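Undergrad: So that you have it, the file is data.tsv, and it contains TSV, C-alpha atoms and all ligand atoms:
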chain	number	residue	atom	x	y	z
A	82	MET	CA	12.05	-19.39	-39.90
A	83	PRO	CA	10.52	-20.23	-36.53
A	84	ALA	CA	7.20	-18.51	-36.07
A	85	ASN	CA	5.62	-16.79	-33.10
A	86	LEU	CA	8.53	-15.91	-30.83
A	87	PRO	CA	7.15	-13.82	-27.97
A	88	PRO	CA	8.46	-10.26	-27.42
A	89	GLN	CA	10.31	-11.33	-24.25
A	90	TYR	CA	12.50	-13.49	-26.45
A	91	PHE	CA	13.80	-10.48	-28.31
A	92	GLU	CA	14.38	-8.68	-25.03
A	93	ALA	CA	16.51	-11.60	-23.86
A	94	GLU	CA	18.32	-11.59	-27.18
A	95	LYS	CA	19.09	-7.93	-26.61
A	96	SER	CA	20.58	-8.69	-23.18
A	97	PHE	CA	22.61	-11.43	-24.84
A	98	ARG	CA	24.09	-8.93	-27.28
A	99	SER	CA	24.92	-6.46	-24.51
A	100	ALA	CA	26.30	-9.15	-22.17
A	101	LYS	CA	29.80	-8.38	-20.97
A	102	ASN	CA	31.00	-11.80	-19.89
A	103	PRO	CA	30.29	-15.49	-20.47
A	104	ALA	CA	28.16	-15.73	-17.30
A	105	GLU	CA	25.85	-12.98	-18.48
A	106	LYS	CA	25.74	-14.49	-21.95
A	107	ILE	CA	24.81	-17.89	-20.53
A	108	ALA	CA	22.09	-16.30	-18.41
A	109	ALA	CA	20.60	-14.57	-21.46
A	110	LEU	CA	20.74	-17.74	-23.57
A	111	GLU	CA	19.10	-19.79	-20.80
A	112	GLU	CA	16.41	-17.13	-20.67
A	113	MET	CA	15.86	-17.31	-24.43
A	114	LEU	CA	15.63	-21.08	-24.20
A	115	ALA	CA	13.09	-20.91	-21.38
A	116	ILE	CA	10.91	-18.39	-23.20
A	117	MET	CA	10.95	-20.12	-26.57
A	118	PRO	CA	7.79	-22.12	-27.32
A	119	LYS	CA	8.45	-25.83	-27.81
A	120	HIS	CA	7.33	-27.08	-31.22
A	121	LYS	CA	8.79	-28.42	-34.45
A	122	GLY	CA	9.43	-24.93	-35.82
A	123	THR	CA	11.77	-24.09	-32.94
A	124	ASP	CA	13.57	-27.47	-32.66
A	125	HIS	CA	16.57	-26.27	-34.62
A	126	LEU	CA	16.89	-22.95	-32.81
A	127	ARG	CA	16.60	-24.63	-29.41
A	128	ALA	CA	19.34	-27.12	-30.27
A	129	GLU	CA	21.55	-24.25	-31.40
A	130	LEU	CA	20.95	-22.34	-28.16
A	131	ARG	CA	21.80	-25.43	-26.11
A	132	SER	CA	25.06	-25.94	-27.95
A	133	ARG	CA	26.01	-22.26	-27.48
A	134	ILE	CA	25.25	-22.57	-23.76
A	135	ALA	CA	27.41	-25.70	-23.55
A	136	LYS	CA	30.35	-24.02	-25.28
A	137	LEU	CA	30.16	-20.86	-23.18
A	138	THR	CA	29.88	-22.96	-20.04
A	139	GLN	CA	33.11	-24.77	-20.83
A	140	LEU	CA	34.77	-21.46	-21.54
A	141	ALA	CA	33.50	-19.89	-18.30
A	142	ALA	CA	34.64	-22.90	-16.29
A	143	LYS	CA	38.12	-22.78	-17.80
A	144	LYS	CA	38.49	-19.06	-17.21
A	145	SER	CA	37.30	-18.84	-13.66
A	146	GLY	CA	38.25	-22.29	-12.49
A	147	THR	CA	34.72	-22.70	-11.15
A	148	GLN	CA	32.70	-25.72	-12.04
A	149	ARG	CA	29.29	-25.21	-13.45
A	150	ALA	CA	28.49	-28.75	-12.41
A	151	SER	CA	28.19	-27.55	-8.82
A	152	MET	CA	25.42	-25.17	-9.82
A	153	ILE	CA	23.22	-27.57	-11.68
A	154	ILE	CA	21.74	-29.84	-9.07
A	155	GLU	CA	20.31	-33.08	-10.37
A	156	LYS	CA	16.87	-33.86	-9.08
A	157	GLU	CA	16.84	-36.66	-6.53
A	158	GLY	CA	13.85	-38.34	-4.93
A	159	ALA	CA	10.22	-37.49	-5.64
A	160	ALA	CA	10.66	-33.78	-6.35
A	161	GLN	CA	13.06	-30.85	-6.36
A	162	VAL	CA	11.96	-27.94	-4.21
A	163	VAL	CA	13.92	-24.68	-3.92
A	164	VAL	CA	13.91	-22.49	-0.80
A	165	ILE	CA	14.14	-18.75	-1.54
A	166	GLY	CA	13.85	-15.54	0.46
A	167	LEU	CA	15.57	-12.36	1.62
A	168	PRO	CA	18.78	-12.38	3.71
A	169	ASN	CA	18.45	-13.85	7.22
A	170	ALA	CA	14.91	-15.21	6.74
A	171	GLY	CA	16.11	-18.60	8.02
A	172	LYS	CA	16.38	-20.55	4.76
A	173	SER	CA	19.54	-22.36	5.78
A	174	GLN	CA	18.13	-23.05	9.23
A	175	LEU	CA	15.10	-24.74	7.64
A	176	VAL	CA	17.17	-26.88	5.27
A	177	SER	CA	19.38	-27.80	8.19
A	178	SER	CA	16.36	-28.64	10.42
A	179	ILE	CA	14.35	-30.81	7.99
A	180	THR	CA	16.93	-32.40	5.69
A	181	ASN	CA	20.16	-34.34	6.06
A	182	ALA	CA	22.21	-31.34	4.86
A	183	SER	CA	23.84	-28.79	7.16
A	184	PRO	CA	24.33	-25.46	5.41
A	185	THR	CA	25.84	-22.69	7.54
A	186	VAL	CA	23.34	-20.71	9.63
A	187	ALA	CA	24.51	-17.34	10.94
A	188	GLU	CA	23.26	-14.10	12.46
A	189	TYR	CA	24.71	-11.96	9.69
A	190	PRO	CA	23.03	-11.60	6.27
A	191	PHE	CA	24.44	-13.04	3.01
A	192	THR	CA	25.77	-16.13	4.72
A	193	THR	CA	24.79	-18.47	1.90
A	194	ARG	CA	26.58	-18.08	-1.41
A	195	ASN	CA	25.87	-21.40	-3.10
A	196	ALA	CA	23.03	-23.81	-3.58
A	197	THR	CA	23.02	-26.72	-1.13
A	198	PRO	CA	20.69	-29.69	-1.62
A	199	GLY	CA	19.40	-31.91	1.17
A	200	MET	CA	16.86	-34.74	1.36
A	201	MET	CA	13.70	-34.41	3.43
A	202	GLU	CA	11.85	-37.54	4.42
A	203	TYR	CA	8.07	-37.46	4.28
A	204	GLU	CA	6.35	-40.78	5.05
A	205	ASN	CA	7.64	-43.21	2.41
A	206	ILE	CA	9.13	-40.63	0.05
A	207	GLN	CA	12.19	-38.41	-0.14
A	208	ILE	CA	11.91	-34.81	-1.34
A	209	GLN	CA	14.94	-32.74	-2.32
A	210	LEU	CA	15.16	-29.25	-0.81
A	211	ILE	CA	17.74	-26.74	-2.06
A	212	ASP	CA	19.05	-23.88	0.09
A	213	THR	CA	19.94	-20.79	-1.97
A	214	PRO	CA	21.67	-17.42	-1.52
A	215	PRO	CA	19.40	-14.48	-0.60
A	216	LEU	CA	17.10	-13.29	-3.37
A	217	VAL	CA	18.43	-9.77	-3.85
A	218	PRO	CA	19.96	-8.48	-7.10
A	219	GLN	CA	23.57	-8.49	-5.95
A	220	SER	CA	23.54	-12.18	-5.04
A	221	ILE	CA	21.38	-13.55	-7.87
A	222	ASP	CA	23.82	-15.57	-9.97
A	223	PHE	CA	23.23	-16.61	-13.55
A	224	TRP	CA	22.39	-20.18	-12.56
A	225	LEU	CA	19.57	-19.24	-10.19
A	226	PRO	CA	16.76	-18.26	-12.62
A	227	PRO	CA	16.92	-21.53	-14.60
A	228	MET	CA	17.03	-23.47	-11.31
A	229	LEU	CA	13.88	-21.73	-10.11
A	230	ARG	CA	12.08	-22.31	-13.39
A	231	ARG	CA	12.97	-25.98	-13.40
A	232	ALA	CA	11.98	-26.59	-9.77
A	233	ASP	CA	8.89	-28.65	-8.99
A	234	ALA	CA	7.95	-26.12	-6.30
A	235	LEU	CA	9.27	-22.99	-4.58
A	236	LEU	CA	9.24	-22.38	-0.86
A	237	ILE	CA	9.15	-18.63	-0.35
A	238	MET	CA	10.43	-17.92	3.13
A	239	VAL	CA	9.78	-14.68	5.01
A	240	ASP	CA	10.73	-13.55	8.51
A	241	LEU	CA	7.38	-13.08	10.29
A	242	ALA	CA	8.88	-10.59	12.76
A	243	ASP	CA	10.16	-8.24	10.07
A	244	ALA	CA	7.37	-6.81	7.83
A	245	PRO	CA	6.71	-10.06	5.95
A	246	GLN	CA	4.37	-8.45	3.42
A	247	ASP	CA	7.12	-6.06	2.32
A	248	GLN	CA	9.47	-9.04	1.99
A	249	MET	CA	6.91	-10.80	-0.18
A	250	GLU	CA	6.70	-7.76	-2.44
A	251	ALA	CA	10.46	-7.56	-2.84
A	252	ILE	CA	10.61	-11.29	-3.61
A	253	THR	CA	7.73	-11.12	-6.09
A	254	THR	CA	9.50	-8.29	-7.93
A	255	GLN	CA	12.68	-10.35	-8.21
A	256	LEU	CA	10.73	-13.35	-9.47
A	257	GLU	CA	9.00	-11.20	-12.08
A	258	ASN	CA	12.37	-9.84	-13.22
A	259	MET	CA	13.60	-13.41	-13.62
A	260	ARG	CA	10.34	-14.41	-15.31
A	261	VAL	CA	9.64	-17.08	-12.74
A	262	GLU	CA	5.88	-17.50	-12.43
A	263	ILE	CA	4.11	-18.28	-9.20
A	264	GLY	CA	0.49	-18.22	-8.10
A	265	ALA	CA	-2.28	-20.73	-7.60
A	266	ASP	CA	-2.82	-21.25	-11.37
A	267	LYS	CA	0.87	-21.16	-12.40
A	268	GLY	CA	3.92	-22.58	-10.68
A	269	LYS	CA	3.69	-24.43	-7.42
A	270	ALA	CA	4.65	-22.28	-4.47
A	271	LEU	CA	4.18	-22.17	-0.73
A	272	ILE	CA	4.87	-19.17	1.51
A	273	ILE	CA	6.62	-20.08	4.75
A	274	GLY	CA	6.43	-17.57	7.58
A	275	ASN	CA	9.43	-18.30	9.78
A	276	LYS	CA	10.36	-17.21	13.31
A	277	ILE	CA	6.82	-17.63	14.69
A	278	ASP	CA	8.55	-17.77	18.10
A	279	LEU	CA	9.29	-14.02	17.98
A	280	ASP	CA	7.10	-11.13	19.20
A	281	ASN	CA	4.45	-9.87	16.74
A	282	ALA	CA	5.03	-12.85	14.47
A	283	SER	CA	1.54	-14.29	15.09
A	284	GLN	CA	-0.33	-11.11	14.14
A	285	ASN	CA	1.84	-10.69	11.06
A	286	TYR	CA	1.16	-14.31	10.12
A	287	ILE	CA	-2.60	-13.77	10.25
A	288	ALA	CA	-2.33	-10.60	8.13
A	289	LEU	CA	-0.08	-12.38	5.62
A	290	LYS	CA	-2.46	-15.34	5.37
A	291	ASN	CA	-5.39	-13.00	4.69
A	292	ARG	CA	-3.43	-11.10	2.09
A	293	TYR	CA	-2.67	-14.28	0.11
A	294	LYS	CA	-6.00	-16.02	0.65
A	295	GLY	CA	-6.99	-17.89	-2.52
A	296	LYS	CA	-3.61	-17.11	-4.08
A	297	LEU	CA	-0.89	-19.00	-2.24
A	298	PRO	CA	-0.88	-21.22	0.85
A	299	VAL	CA	0.93	-19.81	3.89
A	300	ALA	CA	2.52	-21.90	6.65
A	301	ALA	CA	3.94	-20.69	9.97
A	302	ILE	CA	7.00	-22.31	11.55
A	303	SER	CA	9.95	-21.77	13.77
A	304	ALA	CA	12.80	-23.42	11.90
A	305	LYS	CA	15.02	-22.88	14.90
A	306	GLU	CA	12.72	-24.25	17.62
A	307	GLY	CA	11.10	-26.88	15.44
A	308	THR	CA	7.54	-25.57	15.64
A	309	GLY	CA	5.23	-26.56	12.77
A	310	LEU	CA	7.80	-28.62	10.89
A	311	GLU	CA	5.72	-31.81	10.66
A	312	GLU	CA	2.74	-29.82	9.31
A	313	LEU	CA	5.11	-28.07	6.91
A	314	LYS	CA	6.28	-31.38	5.45
A	315	LEU	CA	2.67	-32.28	4.71
A	316	GLU	CA	2.07	-28.87	3.09
A	317	ILE	CA	5.15	-29.28	0.91
A	318	TYR	CA	3.87	-32.68	-0.18
A	319	GLN	CA	0.42	-31.22	-0.93
A	320	VAL	CA	1.72	-28.29	-2.95
A	321	LEU	CA	3.62	-30.71	-5.19
A	322	ASP	CA	0.31	-32.29	-6.20
A	323	ILE	CA	1.83	-35.72	-6.68
A	324	ILE	CA	0.36	-39.18	-6.16
A	325	ARG	CA	1.91	-42.42	-4.98
A	326	VAL	CA	1.22	-45.67	-6.80
A	327	TYR	CA	2.58	-49.12	-5.88
A	328	THR	CA	3.46	-52.11	-8.03
A	329	LYS	CA	3.07	-55.81	-7.35
A	330	VAL	CA	3.88	-59.00	-9.19
A	331	PRO	CA	1.15	-61.58	-9.89
A	332	GLY	CA	0.42	-63.50	-6.72
A	333	GLY	CA	2.68	-61.23	-4.68
A	334	LYS	CA	2.17	-58.35	-2.29
A	335	PRO	CA	2.84	-54.70	-3.15
A	336	ASP	CA	5.91	-53.02	-1.65
A	337	PHE	CA	4.44	-50.05	0.17
A	338	ASN	CA	7.93	-48.73	0.97
A	339	ASP	CA	8.74	-48.04	-2.63
A	340	PRO	CA	6.11	-45.89	-4.35
A	341	ILE	CA	6.12	-44.67	-7.93
A	342	ILE	CA	5.74	-40.89	-7.83
A	343	LEU	CA	3.52	-39.35	-10.49
A	344	ASN	CA	1.89	-36.01	-11.17
A	345	ARG	CA	-1.81	-35.98	-10.40
A	346	GLY	CA	-3.73	-36.93	-13.53
A	347	SER	CA	-1.10	-39.42	-14.74
A	348	THR	CA	-2.17	-42.56	-16.57
A	349	LEU	CA	-1.28	-46.22	-16.29
A	350	GLU	CA	0.98	-45.73	-19.29
A	351	ASP	CA	2.88	-42.95	-17.47
A	352	ALA	CA	3.34	-45.25	-14.47
A	353	ALA	CA	4.70	-48.04	-16.67
A	354	ALA	CA	7.13	-45.62	-18.34
A	355	SER	CA	8.40	-44.44	-14.99
A	356	VAL	CA	9.19	-48.02	-13.92
A	357	HIS	CA	11.25	-48.51	-17.07
A	358	LYS	CA	11.50	-46.44	-20.24
A	359	ASP	CA	10.74	-49.46	-22.44
A	360	PHE	CA	7.59	-50.35	-20.55
A	361	ARG	CA	5.43	-47.73	-22.24
A	362	ALA	CA	5.81	-49.65	-25.49
A	363	LYS	CA	5.94	-53.13	-23.95
A	364	LEU	CA	2.91	-52.84	-21.70
A	365	ARG	CA	0.16	-55.28	-22.76
A	366	TYR	CA	-2.29	-54.80	-19.92
A	367	ALA	CA	-2.45	-54.22	-16.20
A	368	ARG	CA	-4.60	-55.12	-13.25
A	369	ILE	CA	-5.45	-52.55	-10.65
A	370	TRP	CA	-6.47	-52.44	-7.01
A	371	GLY	CA	-7.93	-49.12	-5.91
A	372	SER	CA	-9.39	-46.89	-8.60
A	373	GLY	CA	-10.65	-49.77	-10.77
A	374	LYS	CA	-14.31	-50.79	-10.79
A	375	HIS	CA	-13.41	-53.90	-8.79
A	376	ASP	CA	-10.21	-55.09	-7.17
A	377	GLY	CA	-7.88	-56.74	-9.66
A	378	VAL	CA	-9.81	-55.58	-12.72
A	379	MET	CA	-7.98	-55.05	-16.03
A	380	VAL	CA	-7.51	-51.43	-17.08
A	381	LYS	CA	-6.46	-49.65	-20.26
A	382	ARG	CA	-3.35	-47.57	-20.87
A	383	ASP	CA	-5.20	-44.29	-20.55
A	384	HIS	CA	-6.70	-45.15	-17.15
A	385	ILE	CA	-6.15	-42.19	-14.80
A	386	LEU	CA	-4.49	-43.39	-11.60
A	387	GLN	CA	-5.42	-42.32	-8.10
A	388	ASN	CA	-3.22	-41.91	-5.04
A	389	GLY	CA	-2.68	-45.29	-3.36
A	390	ASP	CA	-3.50	-47.45	-6.39
A	391	VAL	CA	-1.72	-50.79	-6.67
A	392	ILE	CA	-0.90	-51.94	-10.20
A	393	GLU	CA	0.27	-55.22	-11.67
A	394	LEU	CA	1.96	-54.64	-15.02
A	395	HIS	CA	1.84	-57.35	-17.70
A	396	LEU	CA	4.36	-56.97	-20.51
B	401	LIG	N1	14.10	-16.64	16.51
B	401	LIG	C1	14.38	-17.34	15.42
B	401	LIG	N2	15.52	-17.17	14.76
B	401	LIG	C2	15.75	-17.92	13.66
B	401	LIG	C3	14.81	-18.87	13.18
B	401	LIG	N3	15.32	-19.44	12.08
B	401	LIG	C4	16.51	-18.87	11.87
B	401	LIG	N4	16.78	-17.96	12.81
B	401	LIG	C5	18.00	-17.11	12.95
B	401	LIG	O1	18.04	-16.20	11.86
B	401	LIG	C6	19.38	-16.00	11.45
B	401	LIG	C7	19.54	-16.28	9.98
B	401	LIG	O2	19.34	-17.65	9.74
B	401	LIG	P1	19.86	-18.34	8.40
B	401	LIG	O3	19.26	-19.69	8.31
B	401	LIG	O4	21.32	-18.22	8.26
B	401	LIG	O5	19.15	-17.35	7.32
B	401	LIG	P2	19.27	-17.40	5.73
B	401	LIG	O6	17.92	-17.06	5.20
B	401	LIG	O7	19.86	-18.67	5.27
B	401	LIG	O8	20.25	-16.17	5.47
B	401	LIG	P3	21.20	-15.89	4.18
B	401	LIG	O9	21.97	-17.12	3.90
B	401	LIG	O10	22.02	-14.75	4.58
B	401	LIG	O11	20.26	-15.53	3.07
B	401	LIG	C8	20.25	-16.90	12.34
B	401	LIG	O12	20.75	-16.14	13.40
B	401	LIG	C9	19.26	-17.93	12.84
B	401	LIG	O13	19.62	-18.47	14.09
B	401	LIG	C10	13.60	-19.04	13.93
B	401	LIG	O14	12.73	-19.86	13.63
B	401	LIG	N5	13.44	-18.25	15.03
B	402	MG	MG	21.52	-19.05	4.26
Re-express the file's structure as C-alpha cells.

TA:
Amino acid sequence: MPANLPPQYFEAEKSFRSAKNPAEKIAALEEMLAIMPKHKGTDHLRAELRSRIAKLTQLAAKKSGTQRASMIIEKEGAAQVVVIGLPNAGKSQLVSSITNASPTVAEYPFTTRNATPGMMEYENIQIQLIDTPPLVPQSIDFWLPPMLRRADALLIMVDLADAPQDQMEAITTQLENMRVEIGADKGKALIIGNKIDLDNASQNYIALKNRYKGKLPVAAISAKEGTGLEELKLEIYQVLDIIRVYTKVPGGKPDFNDPIILNRGSTLEDAAASVHKDFRAKLRYARIWGSGKHDGVMVKRDHILQNGDVIELHL
C-alpha cells in the first residue's frame, strides 16, 4: 500500500470516477500522476496509471479520429517554454514574431485552438516556444495542464492596454485550478506585458511591475511592432536558469557553436551524461578551463560547472 498520498490525489481520483468521457478520464489520471510523490512505494501505482492513460488515449483517438500525438509536443532545443494568456493578448503574434512558426493572428478572440511550437534563436542556442489557446475554462483542453506542468518555463502574456492586473488574476486562478505552480520559488515564469505601443500601456506596465516586484519578472513588448523583443529573448534565457558548457578534444579547440545546456548547479557528471547516456559510467576524468583552479586542471565528477566552462572528457 503506497503511503502518504496527498489529499489532492483523492480529489483527482474523485474527478476520475465522475468523468463522463475518455478525455476527462485522461485528464484526471494525468492529474493523479502529477500529484503522486515519486518513490519506491508508488512505483507500481504510477506504472498502472500510465498504462491506463495509454489505453484510454488509444480509445479516445479511435473514437474521435483525433491524434493525441499532435497534443504532446516533444521538447526540442535547450528548453520548452509555453506561452499562455487570455484571448487576444497577442500570444500568436509573439510566437510568429520571434520563432520560425506562423500561427494565425487575428482581431477576434479564440483564434488559436491548438498548440503550435516554434523555435526561437538566442545567441548560440535554440529555445522552443509553444503558442496555446486562450486560458479560459471553455478552451482549456485535457492536454493543456500536463503540458504546462512539464514546461521548463511559462510566459504569461497580458494586454497592457486592457486592465493587465485583472488579467493576471484570472490567469492565476486558472493555473491554481490546474495545479500549475508559479512564483519566484516555484516554477519558472515570466510576465510579458504586450501592446506597449497602445495608449495607457506604459502606466499600466509600471503598476504591474510594482505589483509583482520580488515575485515574478515583468517585461514590456510590442509583439506587433517588434519593440523589446531582443531584451525579451534575454529575459526568457535568464528565467530558464540554464548554463552553457562546451566540450573539446585533447589538443583541439572547443566548438562554441554547439553548447551543452545544463540546469544551473549541474556537475561534470551531468554534463558527461548529456553528451551520451553511457558517459556517466564511462567517465574516468576530465580537464576544465573556466571554473577550475587553473586552466586545464583535472576535476572530479561532482565538480559544479559554471556558465562558459570548457571541458575535455576522458573515458
Ligand atoms: N497594438 C498591438 N496589437 C497587437 C500586438 N500584438 C498583437 N496585437 C493584435 O492583437 C490581436 C490578437 O492577436 P493574437 O496574436 O491573435 O492574440 P492571441 O493571444 O493569440 O489570441 P487567441 O488566439 O484568441 O487567444 C490581433 O489583432 C493582433 O494584431 C501589439 O503588440 N500591439
Ligand atoms: Mg492565438

Undergrad: In Å, with one decimal, what is the gap from atom CA of Pro190 of chain A to atom CA of Val176 of chain A?

TA: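 Distance between the two atoms: 16.4 Å.
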
Undergrad: Using all atoms listed in the file for the distances, tell me which of A:Gln161, A:Ser347, A:Gln219, A:Ser303 is nearest to Gln174 of chain A.

TA: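 The shortest atom-to-atom distance to Gln174 of chain A comes from A:Ser303.
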
Undergrad: What is the atom CA of Ala282 of chain A-atom CA of Val217 of chain A distance in Å, reported with one decimal?

TA: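 Atom-to-atom, atom CA of Ala282 of chain A to atom CA of Val217 of chain A, that is 22.9 Å.
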
Undergrad: Using all atoms listed in the file, find each residue of chain A with at least one atom at most 6 Å away from an atom of ligand LIG 401 (chain B); report its shortest atom-to-atom pair and that distance in Å (one decimal), sort the rows by chain and rising residue number, and return the result as CSV.

TA:
residue,atom,partner,partner_atom,distance
A:Leu167,CA,B:LIG401,O11,5.8
A:Pro168,CA,B:LIG401,O11,3.5
A:Asn169,CA,B:LIG401,O8,3.4
A:Ala170,CA,B:LIG401,O6,3.9
A:Gly171,CA,B:LIG401,O3,3.3
A:Lys172,CA,B:LIG401,O6,3.8
A:Ser173,CA,B:LIG401,O3,3.7
A:Gln174,CA,B:LIG401,O3,3.7
A:Val186,CA,B:LIG401,O4,3.5
A:Ala187,CA,B:LIG401,O4,4.3
A:Glu188,CA,B:LIG401,O12,3.4
A:Pro190,CA,B:LIG401,O10,3.7
A:Phe191,CA,B:LIG401,O10,3.4
A:Thr192,CA,B:LIG401,O10,4.0
A:Thr193,CA,B:LIG401,O9,3.7
A:Pro214,CA,B:LIG401,O11,5.2
A:Pro215,CA,B:LIG401,O11,3.9
A:Asn275,CA,B:LIG401,O14,5.3
A:Lys276,CA,B:LIG401,O14,3.6
A:Asp278,CA,B:LIG401,N5,5.8
A:Leu279,CA,B:LIG401,N1,5.7
A:Ser303,CA,B:LIG401,O14,3.4
A:Ala304,CA,B:LIG401,O14,4.0
A:Lys305,CA,B:LIG401,O14,4.0
A:Glu306,CA,B:LIG401,O14,5.9

Undergrad: Between A:Thr185, A:Ser178, A:Gln139, A:Gln248, which residue has the minimum interatomic distance to ligand MG 402 (chain B), considering all atoms listed in the file?

TA: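 Closest to ligand MG 402 (chain B), using all atoms listed in the file: A:Thr185.
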
Undergrad: So what do you get for atom CA of Glu202 of chain A versus atom CA of Ile179 of chain A, distance-wise?

TA: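 These two atoms are separated by 8.0 Å.
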
Undergrad: Give me the segment 284-348 of chain A side of the contact with segment 364-378 of chain A, cut-off 10 Å, one line per residue showing its nearest atom pair and distance in Å at one decimal, counting all atoms listed in the file, sorted by chain and residue number, as a Markdown table.

TA:
| residue | atom | partner | partner_atom | distance |
| --- | --- | --- | --- | --- |
| A:Val326 | CA | A:Gly371 | CA | 9.8 |
| A:Tyr327 | CA | A:Trp370 | CA | 9.7 |
| A:Thr328 | CA | A:Ile369 | CA | 9.3 |
| A:Lys329 | CA | A:Ile369 | CA | 9.7 |
| A:Pro331 | CA | A:Arg368 | CA | 9.3 |

Undergrad: Which residues, written as a VMD selection string, have at least one atom at most 8 Å from Gln89 of chain A, with all atoms listed in the file counted and residues fewer than 3 positions away on the same chain left out?

TA: chain A and resid 92 to 93 116

Undergrad: Tell me which protein, DNA and RNA residues are within 8 Å of segment 230-243 of chain A, counting only C-alpha atoms, leaving out same-chain ones fewer than 6 positions away, and put them as a PyMOL selection string.

TA: chain A and resi 160-167+169-172+249+261-262+268-277+279-283+285-286+320-321

Undergrad: If you count only C-alpha atoms, which residues fall within 8 Å of segment 94-109 of chain A, apart from same-chain ones fewer than 4 positions away, as a ChimeraX atom specification?

TA: /A:90,113,134,137-138,140-141,223-224

Undergrad: Go through A:Ala159, A:Ala353, A:Ile211, A:Ile385 and flag the residue nearest ligand MG 402 (chain B), using only C-alpha atoms and all ligand atoms for the distances.

TA: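 For ligand MG 402 (chain B), the nearest of the given residues is A:Ile211.
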